[in-house]
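The structure appears right after this line, and notes come after that.
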Amino acid sequence: MSGPKAHIRSSEIGSAIAKAIHEHRVIPGTKLGEDELSEIYGVSRTLVRSALQWLSHEQLIDIQPNRGAFVSKPSLREAREIFEARALLEPKTARSAALRMTDQAATHLKAHINAEHAALAQNDIGKALRLSGVFHIEISRLADQQTIGRFIESLIARSSLIIALYRKRDSALCEKHAHNALLEALSQRDGAKAEELMQSHLVDLVSALDLSEKTTKQPSLKDALRPENP
Ligand SMILES: [Zn+2]
């Protein structure tokens, strides 16, 4: 990205920081100081503030009154609980979705898997994570379970960050393979198979996470964000 800095928009700053979080360049708990960010990107604090609002809405950062913005730090306990809750809700929901599957929904899900794979091929981890989450949300929509669907949606928003932070290998991103297998079971309206596949997919996701305690040396915010400086 080039051009005068005055033309940088808050959404570009938000995306650049989100990317740095997804790529582990900026680790959980890091303070995102408004002054420092406005210096790094050469923009006003107002622009920085609006980028931070967006990141907060995406649940990537927490804005604390009088303290400022910090990269969200879901605890290990929260990480485990989120996936336990998903394991309770999503397999049964996949079963219901299979029973309501339509050809139109199959085409839609297939296009979705392709977009997810394209993002992975371009190494756009943040986008791939978002898309893989939406795939799960789409399945809950198919199941036509609004209450459970809302729970799943909020669990998935939190999961994306947990996966971004704790993945120990790229397979923590929902694999094309796993989603294709799910889509096939759904298309065959095979509820038992869809339930079983969703269950094992979630087990695979958790096993690709490193949920052990560790301390990592944090580079300065300036060094961490500089390569992304538009
Ligand atoms: Zn998945």
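In the structure tokens, each chain is lettered A, B, ... as it comes, each chain's residues begin at 1, and ligands are numbered from 1 in order of appearance.
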Counting only C-alpha atoms, which residues of region 148-227 of chain A sit at most 6 Å from some atom of region 93-112 of chain A, and what is each one's closest atom pair with its distance in Å to one decimal, listed by chain and rising residue number, as CSV?
```
residue,atom,partner,partner_atom,distance
A:Leu186,CA,A:Ala98,CA,4.4
A:Arg189,CA,A:Ala98,CA,4.5
A:Asp190,CA,A:Ala98,CA,6.0
A:Gly191,CA,A:Arg95,CA,4.1
A:Ala194,CA,A:Arg95,CA,5.6
A:Glu195,CA,A:Arg95,CA,5.0
```
What would the file look like if the residues just selected were written as a short mmCIF file (atom, residue, chain, number, x, y, z; two decimals), in the first residue's frame with C-alpha atoms?
```cif
data_model
loop_
_atom_site.label_atom_id
_atom_site.label_comp_id
_atom_site.auth_asym_id
_atom_site.auth_seq_id
_atom_site.Cartn_x
_atom_site.Cartn_y
_atom_site.Cartn_z
CA LEU A 186 -24.81 -32.43 4.88
CA ARG A 189 -28.67 -35.35 4.43
CA ASP A 190 -26.84 -37.81 6.63
CA GLY A 191 -27.48 -36.36 10.09
CA ALA A 194 -22.63 -34.79 10.03
CA GLU A 195 -22.84 -34.97 13.84
#
```
Spatial neighbours of Gln53 (chain A), max dist 12 Å, only C-alpha atoms, sep filter under 4 positions, as a VMD selection string
chain A and resid 10 to 11 13 to 14 32 34 46 to 49 57 to 64 68 to 70
Let's have the selection written as a PDB file, in the first residue's frame, with N, CA and C atoms.
```
ATOM      1  N   SER A  10      -8.893   4.547   8.798  1.00  0.00           N
ATOM      2  CA  SER A  10      -8.844   3.813  10.061  1.00  0.00           C
ATOM      3  C   SER A  10      -9.010   2.318   9.814  1.00  0.00           C
ATOM      4  N   SER A  11      -9.786   1.958   8.754  1.00  0.00           N
ATOM      5  CA  SER A  11      -9.986   0.534   8.494  1.00  0.00           C
ATOM      6  C   SER A  11      -8.674  -0.138   8.082  1.00  0.00           C
ATOM      7  N   ILE A  13      -5.689   0.779   9.142  1.00  0.00           N
ATOM      8  CA  ILE A  13      -4.897   0.632  10.363  1.00  0.00           C
ATOM      9  C   ILE A  13      -5.435  -0.536  11.177  1.00  0.00           C
ATOM     10  N   GLY A  14      -6.764  -0.619  11.269  1.00  0.00           N
ATOM     11  CA  GLY A  14      -7.393  -1.733  11.983  1.00  0.00           C
ATOM     12  C   GLY A  14      -6.971  -3.070  11.384  1.00  0.00           C
ATOM     13  N   LEU A  32      -1.817  -1.151  23.374  1.00  0.00           N
ATOM     14  CA  LEU A  32      -1.827  -0.445  22.097  1.00  0.00           C
ATOM     15  C   LEU A  32      -2.047   1.039  22.384  1.00  0.00           C
ATOM     16  N   GLU A  34      -2.387   4.913  22.019  1.00  0.00           N
ATOM     17  CA  GLU A  34      -2.860   5.785  20.927  1.00  0.00           C
ATOM     18  C   GLU A  34      -1.734   6.652  20.361  1.00  0.00           C
ATOM     19  N   THR A  46      -7.469  10.541  16.386  1.00  0.00           N
ATOM     20  CA  THR A  46      -8.890  10.258  16.111  1.00  0.00           C
ATOM     21  C   THR A  46      -9.012   9.018  15.220  1.00  0.00           C
ATOM     22  N   LEU A  47      -8.147   8.962  14.212  1.00  0.00           N
ATOM     23  CA  LEU A  47      -8.158   7.830  13.292  1.00  0.00           C
ATOM     24  C   LEU A  47      -7.778   6.542  14.028  1.00  0.00           C
ATOM     25  N   VAL A  48      -6.749   6.669  14.883  1.00  0.00           N
ATOM     26  CA  VAL A  48      -6.302   5.511  15.664  1.00  0.00           C
ATOM     27  C   VAL A  48      -7.438   5.018  16.559  1.00  0.00           C
ATOM     28  N   ARG A  49      -8.126   5.981  17.194  1.00  0.00           N
ATOM     29  CA  ARG A  49      -9.206   5.626  18.119  1.00  0.00           C
ATOM     30  C   ARG A  49     -10.307   4.855  17.382  1.00  0.00           C
ATOM     31  N   HIS A  57     -14.646  -4.238  18.638  1.00  0.00           N
ATOM     32  CA  HIS A  57     -15.878  -4.873  18.160  1.00  0.00           C
ATOM     33  C   HIS A  57     -15.595  -6.291  17.640  1.00  0.00           C
ATOM     34  N   GLU A  58     -14.427  -6.474  17.031  1.00  0.00           N
ATOM     35  CA  GLU A  58     -14.033  -7.791  16.517  1.00  0.00           C
ATOM     36  C   GLU A  58     -13.519  -8.711  17.635  1.00  0.00           C
ATOM     37  N   GLN A  59     -13.545  -8.200  18.861  1.00  0.00           N
ATOM     38  CA  GLN A  59     -13.082  -8.935  20.041  1.00  0.00           C
ATOM     39  C   GLN A  59     -11.595  -9.266  20.019  1.00  0.00           C
ATOM     40  N   LEU A  60     -10.833  -8.519  19.235  1.00  0.00           N
ATOM     41  CA  LEU A  60      -9.388  -8.763  19.182  1.00  0.00           C
ATOM     42  C   LEU A  60      -8.664  -7.984  20.275  1.00  0.00           C
ATOM     43  N   ILE A  61      -9.266  -6.877  20.703  1.00  0.00           N
ATOM     44  CA  ILE A  61      -8.643  -6.099  21.776  1.00  0.00           C
ATOM     45  C   ILE A  61      -9.697  -5.742  22.835  1.00  0.00           C
ATOM     46  N   ASP A  62      -9.203  -5.405  24.022  1.00  0.00           N
ATOM     47  CA  ASP A  62     -10.097  -4.925  25.086  1.00  0.00           C
ATOM     48  C   ASP A  62      -9.758  -3.471  25.348  1.00  0.00           C
ATOM     49  N   ILE A  63     -10.794  -2.633  25.405  1.00  0.00           N
ATOM     50  CA  ILE A  63     -10.548  -1.238  25.763  1.00  0.00           C
ATOM     51  C   ILE A  63     -10.963  -1.060  27.214  1.00  0.00           C
ATOM     52  N   GLN A  64     -10.006  -0.699  28.054  1.00  0.00           N
ATOM     53  CA  GLN A  64     -10.283  -0.567  29.487  1.00  0.00           C
ATOM     54  C   GLN A  64     -10.331   0.905  29.868  1.00  0.00           C
ATOM     55  N   GLY A  68      -6.654   2.234  28.672  1.00  0.00           N
ATOM     56  CA  GLY A  68      -6.318   2.155  27.255  1.00  0.00           C
ATOM     57  C   GLY A  68      -6.656   0.807  26.640  1.00  0.00           C
ATOM     58  N   ALA A  69      -6.079   0.564  25.462  1.00  0.00           N
ATOM     59  CA  ALA A  69      -6.416  -0.637  24.695  1.00  0.00           C
ATOM     60  C   ALA A  69      -5.315  -1.682  24.818  1.00  0.00           C
ATOM     61  N   PHE A  70      -5.732  -2.938  24.965  1.00  0.00           N
ATOM     62  CA  PHE A  70      -4.784  -4.040  25.082  1.00  0.00           C
ATOM     63  C   PHE A  70      -5.229  -5.171  24.157  1.00  0.00           C
TER      64      PHE A  70
END
```
Counting only C-alpha atoms and all ligand atoms, the option among A:Gly149, A:Gly126, A:Pro28, A:Gly133 closest to ligand 1:
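Of the candidates, the smallest distance to ligand 1 is held by A:Gly133.
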Apply DSSP to the backbone of this structure and, from region 70-172 of chain A, keep only the residues in alpha helix (DSSP H); write these as a ChimeraX atom specification.
/A:76-99,103-121,125-142,146-166
For CA of Ile82 (chain A) and CA of Leu155 (chain A), the interatomic separation in Å (one decimal):
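Pair CA of Ile82 (chain A) / CA of Leu155 (chain A) returns 6.1 Å.
For Ala87 (chain A), the non-local neighbours within 12 Å, defined as residues at least 6 positions apart in the same chain or in other chains and counting only C-alpha atoms, are Arg80, Glu81, Thr93, Ala94, Ile152, Leu155, Ile156, Glu195, Glu196, Leu197, Met198, Gln199, Ser200, His201, Leu202, Val203, Asp204, Leu205 and Val206 of chain A.
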Produce a file of the selected residues containing C-alpha atoms, as a PDB file, in the first residue's frame.
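Final output, result.pdb:
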```pdb
ATOM      1  CA  ARG A  80     -10.928 -24.728  26.979  1.00  0.00           C
ATOM      2  CA  GLU A  81     -14.437 -23.699  28.017  1.00  0.00           C
ATOM      3  CA  THR A  93     -26.714 -28.595  15.286  1.00  0.00           C
ATOM      4  CA  ALA A  94     -24.895 -30.130  12.317  1.00  0.00           C
ATOM      5  CA  ILE A 152     -22.589 -20.487  18.477  1.00  0.00           C
ATOM      6  CA  LEU A 155     -18.500 -18.708  20.761  1.00  0.00           C
ATOM      7  CA  ILE A 156     -17.022 -18.535  17.282  1.00  0.00           C
ATOM      8  CA  GLU A 195     -22.840 -34.966  13.836  1.00  0.00           C
ATOM      9  CA  GLU A 196     -19.907 -37.364  14.037  1.00  0.00           C
ATOM     10  CA  LEU A 197     -17.771 -35.325  11.630  1.00  0.00           C
ATOM     11  CA  MET A 198     -18.432 -32.085  13.500  1.00  0.00           C
ATOM     12  CA  GLN A 199     -17.505 -33.769  16.772  1.00  0.00           C
ATOM     13  CA  SER A 200     -14.179 -35.008  15.446  1.00  0.00           C
ATOM     14  CA  HIS A 201     -13.487 -31.724  13.641  1.00  0.00           C
ATOM     15  CA  LEU A 202     -13.774 -29.857  16.959  1.00  0.00           C
ATOM     16  CA  VAL A 203     -11.500 -32.395  18.675  1.00  0.00           C
ATOM     17  CA  ASP A 204      -8.939 -31.839  15.895  1.00  0.00           C
ATOM     18  CA  LEU A 205      -9.182 -28.077  16.319  1.00  0.00           C
ATOM     19  CA  VAL A 206      -8.457 -28.279  20.038  1.00  0.00           C
TER      20      VAL A 206
END
```
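Nearest residue to Arg226 (chain A) among A:Ala85, A:Ala208, A:Ile8, A:Val26 is A:Val26, counting only C-alpha atoms.
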Given the choices A:Ser75, A:Ser132, A:Ser15, A:Ser38, which gets closest to ligand 1 if the distance is worked out from only C-alpha atoms and all ligand atoms?
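Answer, going by the shortest atom-to-atom distance: A:Ser132.
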Contacts of Phe151 (chain A) at 12 Å (only C-alpha atoms; same-chain gap of 2+ positions) as a PDB file with C-alpha atoms, in the first residue's frame:
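Listing of part_16.pdb after writing:
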```pdb
ATOM      1  CA  ILE A  82     -15.215 -22.145  24.653  1.00  0.00           C
ATOM      2  CA  ALA A  85     -19.307 -25.374  24.751  1.00  0.00           C
ATOM      3  CA  ARG A  86     -18.863 -25.700  21.001  1.00  0.00           C
ATOM      4  CA  LEU A  88     -21.851 -29.523  23.235  1.00  0.00           C
ATOM      5  CA  LEU A  89     -23.729 -27.415  20.701  1.00  0.00           C
ATOM      6  CA  GLU A  90     -22.299 -27.830  17.228  1.00  0.00           C
ATOM      7  CA  THR A  93     -26.714 -28.595  15.286  1.00  0.00           C
ATOM      8  CA  HIS A 136     -19.734 -22.948  11.233  1.00  0.00           C
ATOM      9  CA  ILE A 137     -22.219 -20.110  11.710  1.00  0.00           C
ATOM     10  CA  SER A 140     -26.163 -23.309  12.589  1.00  0.00           C
ATOM     11  CA  ARG A 141     -28.326 -21.034  10.406  1.00  0.00           C
ATOM     12  CA  GLN A 145     -32.021 -22.909  15.665  1.00  0.00           C
ATOM     13  CA  GLN A 146     -31.985 -19.205  16.455  1.00  0.00           C
ATOM     14  CA  THR A 147     -31.148 -19.387  20.142  1.00  0.00           C
ATOM     15  CA  ILE A 148     -28.408 -21.973  19.730  1.00  0.00           C
ATOM     16  CA  GLY A 149     -27.272 -20.112  16.623  1.00  0.00           C
ATOM     17  CA  GLU A 153     -21.990 -17.126  16.827  1.00  0.00           C
ATOM     18  CA  SER A 154     -20.572 -15.588  19.989  1.00  0.00           C
ATOM     19  CA  LEU A 155     -18.500 -18.708  20.761  1.00  0.00           C
ATOM     20  CA  ILE A 156     -17.022 -18.535  17.282  1.00  0.00           C
ATOM     21  CA  ALA A 157     -16.099 -14.853  17.526  1.00  0.00           C
ATOM     22  CA  ARG A 158     -14.078 -15.742  20.591  1.00  0.00           C
TER      23      ARG A 158
END
```
So that I can see what lies close to Asp35 (chain A), please list as JSON, numbers by chain the residues with an atom at most 10 Å from it, counting only C-alpha atoms and leaving out residues fewer than 6 positions away in the same chain.
{"A": [43, 44, 45, 48]}
Selection above as a file: N, CA and C atoms, as a PDB file, in the first residue's frame:
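And here is the file that came out, again.pdb:
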```pdb
ATOM      1  N   VAL A  43      -0.670   9.106  11.613  1.00  0.00           N
ATOM      2  CA  VAL A  43      -2.050   9.591  11.475  1.00  0.00           C
ATOM      3  C   VAL A  43      -2.524  10.197  12.796  1.00  0.00           C
ATOM      4  N   SER A  44      -3.702  10.810  12.745  1.00  0.00           N
ATOM      5  CA  SER A  44      -4.229  11.462  13.950  1.00  0.00           C
ATOM      6  C   SER A  44      -4.695  10.430  14.971  1.00  0.00           C
ATOM      7  N   ARG A  45      -4.786  10.883  16.205  1.00  0.00           N
ATOM      8  CA  ARG A  45      -5.291   9.998  17.269  1.00  0.00           C
ATOM      9  C   ARG A  45      -6.753   9.642  17.034  1.00  0.00           C
ATOM     10  N   VAL A  48      -6.749   6.669  14.883  1.00  0.00           N
ATOM     11  CA  VAL A  48      -6.302   5.511  15.664  1.00  0.00           C
ATOM     12  C   VAL A  48      -7.438   5.018  16.559  1.00  0.00           C
TER      13      VAL A  48
END
```
Kindly indicate which residue among A:Glu12, A:Glu138, A:Glu39, A:Glu23 lies nearest to ligand 1, using only C-alpha atoms and all ligand atoms for the distances.
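Selected residue with least distance to ligand 1: A:Glu138.
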